[in-house]
Amino acid sequence: MDEKDRQIIAALQAHGRLTNQELSQKVNLSPSPCLRRLRILEDSGVIRGYAAIVDEIAYGLPITAFVRVRLERHGEAQVAEFERKVRDIDAILDCYMMTGDDDYLLRVLVSSLQDYEIFVRQKLHQIGGIAAIETSFAYGTVKRRTVFPRID
């Protein structure tokens, strides 16, 4: 991947609905080579897809919870089972494996604190092998970017 590929990616991260003509102008390429590079980025899996960025509050999911999970055991089967079940829960948007005291950090969106309680009781507590769950609620967003930082 070269600097021109990174320019294409940055332009699409900022404005995912650009036409090839608009994209090629933004990155100073003619349309044909720009499209060829874009297809290579897509076919190789560098660009995994395209999505709309939606306002959570306007959508009806104003509560963002960051949930730290610690497992009782770290055997291969227990970890695989936890990760499989987490993938099946729609309210969990992101799940990160962590270093430190906690094993996972989940980003969860719900419509209310009552719905969060239901999520914990009916979804998380149903996953076996969890030793501890700790939650922090976001009460605002200071920064959220969709464009990766430049690599110098």
# chains A, B, ... in the order shown; residues from 1 in each chain; ligands from 1
>>> residues_around(residues="A:Leu113", least_positions_apart="6", cutoff="12 Å", atoms="only C-alpha atoms", output="number ranges by chain")
A: 61-65, 119-120, 135-137
>>> closest_atom_pairs(of="stretch 105-134 of chain A", to="stretch 52-58 of chain A", cutoff="12 Å", atoms="only C-alpha atoms", output="CSV")
residue,atom,partner,partner_atom,distance
A:Val108,CA,A:Glu56,CA,11.2
A:Leu109,CA,A:Glu56,CA,8.0
A:Val110,CA,A:Glu56,CA,9.3
A:Ser111,CA,A:Ile57,CA,8.6
A:Ser112,CA,A:Ile57,CA,11.0
>>> write_last_selection(atoms="all heavy atoms", output="mmCIF file, in the first residue's frame")
data_model
loop_
_atom_site.group_PDB
_atom_site.id
_atom_site.type_symbol
_atom_site.label_atom_id
_atom_site.label_comp_id
_atom_site.auth_asym_id
_atom_site.auth_seq_id
_atom_site.Cartn_x
_atom_site.Cartn_y
_atom_site.Cartn_z
ATOM 1 N N VAL A 108 -21.700 -0.928 24.044
ATOM 2 C CA VAL A 108 -23.092 -1.359 23.969
ATOM 3 C C VAL A 108 -23.985 -0.135 23.780
ATOM 4 O O VAL A 108 -23.795 0.870 24.470
ATOM 5 C CB VAL A 108 -23.490 -2.110 25.258
ATOM 6 C CG1 VAL A 108 -24.953 -2.497 25.250
ATOM 7 C CG2 VAL A 108 -22.600 -3.338 25.458
ATOM 8 N N LEU A 109 -24.959 -0.230 22.885
ATOM 9 C CA LEU A 109 -25.957 0.823 22.719
ATOM 10 C C LEU A 109 -27.323 0.289 23.119
ATOM 11 O O LEU A 109 -27.716 -0.795 22.687
ATOM 12 C CB LEU A 109 -26.026 1.298 21.264
ATOM 13 C CG LEU A 109 -24.841 2.048 20.700
ATOM 14 C CD1 LEU A 109 -25.130 2.473 19.262
ATOM 15 C CD2 LEU A 109 -24.491 3.253 21.538
ATOM 16 N N VAL A 110 -28.026 1.061 23.964
ATOM 17 C CA VAL A 110 -29.381 0.707 24.386
ATOM 18 C C VAL A 110 -30.240 1.968 24.425
ATOM 19 O O VAL A 110 -29.730 3.086 24.423
ATOM 20 C CB VAL A 110 -29.399 0.004 25.766
ATOM 21 C CG1 VAL A 110 -28.762 -1.379 25.683
ATOM 22 C CG2 VAL A 110 -28.714 0.848 26.824
ATOM 23 N N SER A 111 -31.551 1.776 24.517
ATOM 24 C CA SER A 111 -32.467 2.908 24.483
ATOM 25 C C SER A 111 -32.701 3.540 25.846
ATOM 26 O O SER A 111 -33.143 4.686 25.914
ATOM 27 C CB SER A 111 -33.802 2.494 23.868
ATOM 28 O OG SER A 111 -34.400 1.478 24.644
ATOM 29 N N SER A 112 -32.407 2.799 26.928
ATOM 30 C CA SER A 112 -32.669 3.336 28.269
ATOM 31 C C SER A 112 -31.876 2.532 29.301
ATOM 32 O O SER A 112 -31.354 1.455 29.002
ATOM 33 C CB SER A 112 -34.160 3.247 28.602
ATOM 34 O OG SER A 112 -34.555 1.883 28.701
#
>>> residues_around(residues="A:Val27", least_positions_apart="3", cutoff="12 Å", atoms="only C-alpha atoms", output="list in words")
Glu3, Lys4, Asp5, Arg6, Gln7, Ile8, Ile9, Ala10, Ala11, Leu12, Leu18, Asn20, Gln21, Glu22, Leu23, Ser24, Ser30, Pro31, Pro33, Cys34, Leu35, Arg37 and Leu38 of chain A
>>> select_by_dssp(residues="chain A", states="strand (DSSP E or B)", output="PyMOL selection string")
chain A and resi 63-71+92-97+104-110+130-138
>>> select_by_dssp(residues="stretch 2-74 of chain A", states="alpha helix (DSSP H)", output="MDAnalysis selection string")
chainID A and resid 3:14 20:26 31:43 56:59
>>> residues_around(residues="stretch 143-148 of chain A", least_positions_apart="2", cutoff="7 Å", atoms="only C-alpha atoms", output="list of chain:residue names")
A:Ala10, A:Gln13, A:Ala14, A:Thr141, A:Arg150
>>> write_last_selection(atoms="C-alpha atoms", output="PDB file, in the first residue's frame")
ATOM      1  CA  ALA A  10      -8.953   8.697   3.668  1.00  0.00           C
ATOM      2  CA  GLN A  13     -13.573   7.325   5.062  1.00  0.00           C
ATOM      3  CA  ALA A  14     -14.519  11.011   5.111  1.00  0.00           C
ATOM      4  CA  THR A 141     -18.827  12.382  23.071  1.00  0.00           C
ATOM      5  CA  ARG A 150      -1.823   9.653   8.587  1.00  0.00           C
TER       6      ARG A 150
END
>>> atom_distance(atom1="atom CA of A:Asp90", atom2="atom CA of A:Lys123")
10.2 Å
>>> residues_around(residues="A:Gly128", least_positions_apart="6", cutoff="9 Å", atoms="only C-alpha atoms", output="PyMOL selection string")
chain A and resi 71+78+81-82
>>> residues_around(residues="stretch 92-107 of chain A", least_positions_apart="2", cutoff="6 Å", atoms="only C-alpha atoms", output="list in words")
Ala65, Phe66, Val67, Arg68, Val69, Arg70, Ile89 and Asp90 of chain A
>>> atom_distance(atom1="atom CA of A:His125", atom2="atom CA of A:Ala138")
21.8 Å
>>> decode(residues="stretch 51-64 of chain A", atoms="N, CA, C and O atoms", output="CSV table (one decimal), in the first residue's frame")
chain,number,residue,atom,x,y,z
A,51,ALA,N,-20.5,1.9,4.9
A,51,ALA,CA,-21.7,2.0,5.8
A,51,ALA,C,-22.0,3.5,6.1
A,51,ALA,O,-21.2,4.4,5.9
A,52,ALA,N,-23.3,3.7,6.5
A,52,ALA,CA,-23.7,5.0,6.9
A,52,ALA,C,-23.3,5.3,8.3
A,52,ALA,O,-23.4,4.3,9.1
A,53,ILE,N,-22.9,6.5,8.7
A,53,ILE,CA,-22.7,6.8,10.0
A,53,ILE,C,-24.0,7.5,10.6
A,53,ILE,O,-24.4,8.5,10.1
A,54,VAL,N,-24.6,6.8,11.5
A,54,VAL,CA,-25.9,7.2,12.0
A,54,VAL,C,-25.8,7.8,13.4
A,54,VAL,O,-25.1,7.3,14.3
A,55,ASP,N,-26.6,8.8,13.7
A,55,ASP,CA,-26.6,9.4,15.0
A,55,ASP,C,-27.4,8.5,15.9
A,55,ASP,O,-28.6,8.2,15.7
A,56,GLU,N,-26.7,8.0,17.0
A,56,GLU,CA,-27.4,7.1,17.9
A,56,GLU,C,-28.6,7.6,18.6
A,56,GLU,O,-29.6,6.9,18.8
A,57,ILE,N,-28.5,8.9,19.0
A,57,ILE,CA,-29.7,9.5,19.7
A,57,ILE,C,-30.9,9.6,18.8
A,57,ILE,O,-32.0,9.3,19.1
A,58,ALA,N,-30.6,10.2,17.6
A,58,ALA,CA,-31.7,10.3,16.6
A,58,ALA,C,-32.3,9.0,16.3
A,58,ALA,O,-33.5,8.8,16.0
A,59,TYR,N,-31.5,7.9,16.3
A,59,TYR,CA,-32.0,6.6,15.9
A,59,TYR,C,-32.8,6.0,17.1
A,59,TYR,O,-33.6,5.1,16.9
A,60,GLY,N,-32.6,6.5,18.3
A,60,GLY,CA,-33.3,6.0,19.5
A,60,GLY,C,-32.5,5.1,20.4
A,60,GLY,O,-33.0,4.4,21.2
A,61,LEU,N,-31.2,5.2,20.3
A,61,LEU,CA,-30.3,4.5,21.2
A,61,LEU,C,-29.3,5.5,21.9
A,61,LEU,O,-28.1,5.5,21.6
A,62,PRO,N,-29.8,6.3,22.8
A,62,PRO,CA,-29.0,7.4,23.4
A,62,PRO,C,-28.1,6.9,24.5
A,62,PRO,O,-27.2,7.7,24.9
A,63,ILE,N,-28.1,5.7,25.0
A,63,ILE,CA,-27.3,5.2,26.1
A,63,ILE,C,-26.1,4.4,25.5
A,63,ILE,O,-26.3,3.4,24.9
A,64,THR,N,-24.9,4.9,25.7
A,64,THR,CA,-23.7,4.2,25.3
A,64,THR,C,-23.0,3.7,26.6
A,64,THR,O,-22.7,4.5,27.5
